[in-house]
Amino acid sequence: MNPLEFKDYYKIMGVARDASDAAIKQAYRKLARKYHPDVSKEKDAEARFKEVGEAYEVLKNPEKRAAYDQLGTGPRPGESFRPPPDWDAGFEFSGAGAGGADAAAYSEFFESLFGRQGRAARGGFAGGRGQDHHAKVMLDLDAALAGGTRSIVLRVPDIDASGHLEVKERTLNVQIPKGILAGQTIRLAGQGSKSAGGGAGDLYIEVEFQAHRLYHVEGRDLVLELPVAPWEAALGATVTTPTPGGPIELKVPAGSKAGTKLRVKGRGIPATPAGDLYVVLEIALPPAADARAKAAYEAFAAALPFDPRARLGG
């Protein structure tokens, strides 16, 4: 994703960040009258009217506003902005998702936040059902590898009695299917909004993974960067290597180079079919931290003349 220009919706609307819902509505009505293209004589009226409409679309909605507030005040003047991938994680949204039918009419900044969520409403109010909700959670990879029950805290934005934004929390015990993949959803029946008739919608939790200390995820496969000593790479060795199912003895072929990728079949995410574990070799150099280590390096250089830049010529 290319860097974007950060939109300060509070500045555009001319309101404080703790403004009440009523103050935001009042500011919008005033600015909409001022910049409406049919009546305004301002040179940039159409662009300003569109910009104000975009800001109001976010700030009038407690869910969008609370998630947007997590971004802070944006970068410093002249700096570009790129929304973090987990910027809206943990927030519970209702209805059709964080986007909307008019998302494409707004700026690229708005679209990057609210227009590409890919969450469609499931159900709604038909047949007395309540509205479906959805949320994205950052899950520990170990939870997907092992499965089982996890406690998940969701933030639920709303407007309080004084018209100000408040964020409550609710905790759910969620059964995590073993082998769930990033981007998949877990359905919690009856955990959405309730209708007037008492019927409840569902809650759909979209799973993404937190960074793991050992592995990074590529679909259903896992990648591990494994340090090896220069002599292990050059001569070959069998080294103890962690995997999600426990350590194994991995054979490093003689003549391996940095970046050599070794496949361990079936040791990725235990989906259907199971993913693989790819071990990428890194050459770890012992530090020349004392006289003995320096002497060893000097002896090595004398015994094995080697020009690492020979292919560059000159």
# chains A, B, ... in the order shown; residues from 1 in each chain; ligands from 1

call {"tool": "residues_around", "arguments": {"residues": "Leu141 in chain A", "least_positions_apart": "5", "cutoff": "8 Å", "atoms": "only C-alpha atoms", "output": "list of chain:residue names"}}
result
A:Phe209, A:Gln210, A:Ala211, A:His212

call {"tool": "closest_atom_pairs", "arguments": {"of": "range 132-242 of chain A", "to": "range 258-261 of chain A", "cutoff": "12 Å", "atoms": "only C-alpha atoms", "output": "JSON lines"}}
result
{"residue": "A:Val223", "atom": "CA", "partner": "A:Lys261", "partner_atom": "CA", "distance": 9.3}
{"residue": "A:Leu224", "atom": "CA", "partner": "A:Lys261", "partner_atom": "CA", "distance": 9.6}
{"residue": "A:Glu225", "atom": "CA", "partner": "A:Gly259", "partner_atom": "CA", "distance": 8.9}
{"residue": "A:Leu226", "atom": "CA", "partner": "A:Gly259", "partner_atom": "CA", "distance": 9.7}
{"residue": "A:Pro227", "atom": "CA", "partner": "A:Ala258", "partner_atom": "CA", "distance": 9.2}
{"residue": "A:Val228", "atom": "CA", "partner": "A:Ala258", "partner_atom": "CA", "distance": 9.1}
{"residue": "A:Ala229", "atom": "CA", "partner": "A:Ala258", "partner_atom": "CA", "distance": 10.6}
{"residue": "A:Pro230", "atom": "CA", "partner": "A:Ala258", "partner_atom": "CA", "distance": 9.5}
{"residue": "A:Glu232", "atom": "CA", "partner": "A:Ala258", "partner_atom": "CA", "distance": 11.5}
{"residue": "A:Ala233", "atom": "CA", "partner": "A:Ala258", "partner_atom": "CA", "distance": 8.4}
{"residue": "A:Ala234", "atom": "CA", "partner": "A:Ala258", "partner_atom": "CA", "distance": 10.6}

call {"tool": "closest_residue", "arguments": {"among": "A:Asn61, A:Lys41, A:Pro287, A:Leu277", "to": "Glu166 in chain A", "atoms": "only C-alpha atoms"}}
result
A:Asn61

call {"tool": "select_by_dssp", "arguments": {"residues": "range 164-274 of chain A", "states": "strand (DSSP E)", "output": "PDB file with C-alpha atoms, in the first residue's frame"}}
result
ATOM      1  CA  LEU A 165     -18.366   8.889  22.700  1.00  0.00           C
ATOM      2  CA  GLU A 166     -17.750   6.061  25.144  1.00  0.00           C
ATOM      3  CA  VAL A 167     -16.163   2.678  24.585  1.00  0.00           C
ATOM      4  CA  LYS A 168     -17.309  -0.272  26.648  1.00  0.00           C
ATOM      5  CA  GLU A 169     -15.788  -3.727  26.675  1.00  0.00           C
ATOM      6  CA  ARG A 170     -17.260  -7.176  26.602  1.00  0.00           C
ATOM      7  CA  THR A 171     -15.400 -10.422  27.122  1.00  0.00           C
ATOM      8  CA  LEU A 172     -16.247 -13.580  25.214  1.00  0.00           C
ATOM      9  CA  ASN A 173     -14.936 -17.116  25.574  1.00  0.00           C
ATOM     10  CA  VAL A 174     -14.384 -18.250  22.003  1.00  0.00           C
ATOM     11  CA  GLN A 175     -13.678 -21.759  20.769  1.00  0.00           C
ATOM     12  CA  ILE A 176     -10.750 -21.440  18.331  1.00  0.00           C
ATOM     13  CA  THR A 185     -14.083 -16.136  10.466  1.00  0.00           C
ATOM     14  CA  ILE A 186     -15.618 -17.660  13.560  1.00  0.00           C
ATOM     15  CA  ARG A 187     -19.406 -17.347  13.919  1.00  0.00           C
ATOM     16  CA  LEU A 188     -20.863 -16.815  17.375  1.00  0.00           C
ATOM     17  CA  LEU A 203     -21.196 -12.080  15.642  1.00  0.00           C
ATOM     18  CA  TYR A 204     -18.552 -12.884  13.021  1.00  0.00           C
ATOM     19  CA  ILE A 205     -14.962 -12.726  14.232  1.00  0.00           C
ATOM     20  CA  GLU A 206     -12.312 -12.384  11.542  1.00  0.00           C
ATOM     21  CA  VAL A 207      -8.955 -13.826  12.560  1.00  0.00           C
ATOM     22  CA  GLU A 208      -5.548 -12.283  11.923  1.00  0.00           C
ATOM     23  CA  PHE A 209      -2.299 -13.374  13.556  1.00  0.00           C
ATOM     24  CA  TYR A 215       7.539 -18.131  12.749  1.00  0.00           C
ATOM     25  CA  HIS A 216       5.865 -15.933  10.215  1.00  0.00           C
ATOM     26  CA  VAL A 217       2.823 -17.110   8.315  1.00  0.00           C
ATOM     27  CA  GLU A 218       2.397 -17.543   4.566  1.00  0.00           C
ATOM     28  CA  ASP A 221       2.714 -22.540   5.697  1.00  0.00           C
ATOM     29  CA  LEU A 222       5.131 -21.304   8.353  1.00  0.00           C
ATOM     30  CA  VAL A 223       8.592 -19.854   7.798  1.00  0.00           C
ATOM     31  CA  LEU A 224      11.419 -20.099  10.338  1.00  0.00           C
ATOM     32  CA  GLU A 225      14.726 -18.265   9.974  1.00  0.00           C
ATOM     33  CA  LEU A 226      17.349 -20.631  11.380  1.00  0.00           C
ATOM     34  CA  PRO A 227      20.857 -19.403  12.269  1.00  0.00           C
ATOM     35  CA  VAL A 228      23.698 -21.809  11.435  1.00  0.00           C
ATOM     36  CA  ALA A 237      25.410 -30.720   9.856  1.00  0.00           C
ATOM     37  CA  THR A 238      22.411 -32.012  11.717  1.00  0.00           C
ATOM     38  CA  VAL A 239      20.966 -29.295  13.930  1.00  0.00           C
ATOM     39  CA  THR A 240      18.134 -29.208  16.431  1.00  0.00           C
ATOM     40  CA  THR A 241      15.318 -27.106  14.979  1.00  0.00           C
ATOM     41  CA  ILE A 248      13.378 -32.111  15.230  1.00  0.00           C
ATOM     42  CA  GLU A 249      16.877 -32.960  13.984  1.00  0.00           C
ATOM     43  CA  LEU A 250      17.218 -31.177  10.645  1.00  0.00           C
ATOM     44  CA  LYS A 251      19.911 -32.068   8.118  1.00  0.00           C
ATOM     45  CA  VAL A 252      21.697 -29.048   6.676  1.00  0.00           C
ATOM     46  CA  LYS A 261      15.263 -22.922   2.064  1.00  0.00           C
ATOM     47  CA  LEU A 262      14.563 -26.377   3.500  1.00  0.00           C
ATOM     48  CA  ARG A 263      11.053 -27.845   3.590  1.00  0.00           C
ATOM     49  CA  VAL A 264       9.677 -29.828   6.517  1.00  0.00           C
TER      50      VAL A 264
END

call {"tool": "residues_around", "arguments": {"residues": "range 4-20 of chain A", "least_positions_apart": "5", "cutoff": "7 Å", "atoms": "only C-alpha atoms", "output": "list in words"}}
result
Ala27, Tyr28, Val52, Ala55, Thr73, Gly74, Ser80, Phe81, Arg82, Phe109, Gly163 and His164 of chain A

call {"tool": "write_last_selection", "arguments": {"atoms": "N, CA and C atoms", "output": "JSON list (two decimals), in the first residue's frame"}}
result
[["chain", "number", "residue", "atom", "x", "y", "z"],
["A", 27, "ALA", "N", -21.89, 21.29, 13.57],
["A", 27, "ALA", "CA", -20.80, 21.72, 12.70],
["A", 27, "ALA", "C", -21.02, 21.25, 11.27],
["A", 28, "TYR", "N", -21.52, 20.05, 11.12],
["A", 28, "TYR", "CA", -21.76, 19.53, 9.77],
["A", 28, "TYR", "C", -22.83, 20.35, 9.05],
["A", 52, "VAL", "N", -16.01, 17.54, 3.83],
["A", 52, "VAL", "CA", -16.82, 17.65, 5.04],
["A", 52, "VAL", "C", -17.75, 16.44, 5.17],
["A", 55, "ALA", "N", -15.71, 13.51, 6.43],
["A", 55, "ALA", "CA", -15.41, 13.63, 7.86],
["A", 55, "ALA", "C", -16.64, 13.30, 8.70],
["A", 73, "THR", "N", -3.31, 11.54, 16.09],
["A", 73, "THR", "CA", -3.44, 12.80, 15.34],
["A", 73, "THR", "C", -2.72, 12.75, 14.00],
["A", 74, "GLY", "N", -2.21, 11.59, 13.63],
["A", 74, "GLY", "CA", -1.56, 11.46, 12.34],
["A", 74, "GLY", "C", -0.10, 11.85, 12.38],
["A", 80, "SER", "N", 4.20, 11.15, 5.25],
["A", 80, "SER", "CA", 3.13, 10.34, 4.68],
["A", 80, "SER", "C", 2.58, 9.42, 5.76],
["A", 81, "PHE", "N", 1.46, 8.79, 5.46],
["A", 81, "PHE", "CA", 0.77, 7.96, 6.43],
["A", 81, "PHE", "C", 0.43, 6.61, 5.81],
["A", 82, "ARG", "N", 0.58, 5.57, 6.58],
["A", 82, "ARG", "CA", 0.15, 4.24, 6.16],
["A", 82, "ARG", "C", -0.54, 3.59, 7.35],
["A", 109, "PHE", "N", -7.65, 7.80, 1.52],
["A", 109, "PHE", "CA", -7.43, 7.60, 2.95],
["A", 109, "PHE", "C", -8.64, 6.91, 3.57],
["A", 163, "GLY", "N", -24.17, 12.60, 25.18],
["A", 163, "GLY", "CA", -23.86, 12.78, 23.76],
["A", 163, "GLY", "C", -22.40, 12.60, 23.41],
["A", 164, "HIS", "N", -21.59, 12.09, 24.33],
["A", 164, "HIS", "CA", -20.17, 11.88, 24.07],
["A", 164, "HIS", "C", -19.86, 10.42, 23.78]]

call {"tool": "atom_distance", "arguments": {"atom1": "CA of Pro75 in chain A", "atom2": "CA of Ala32 in chain A"}}
result
27.4 Å
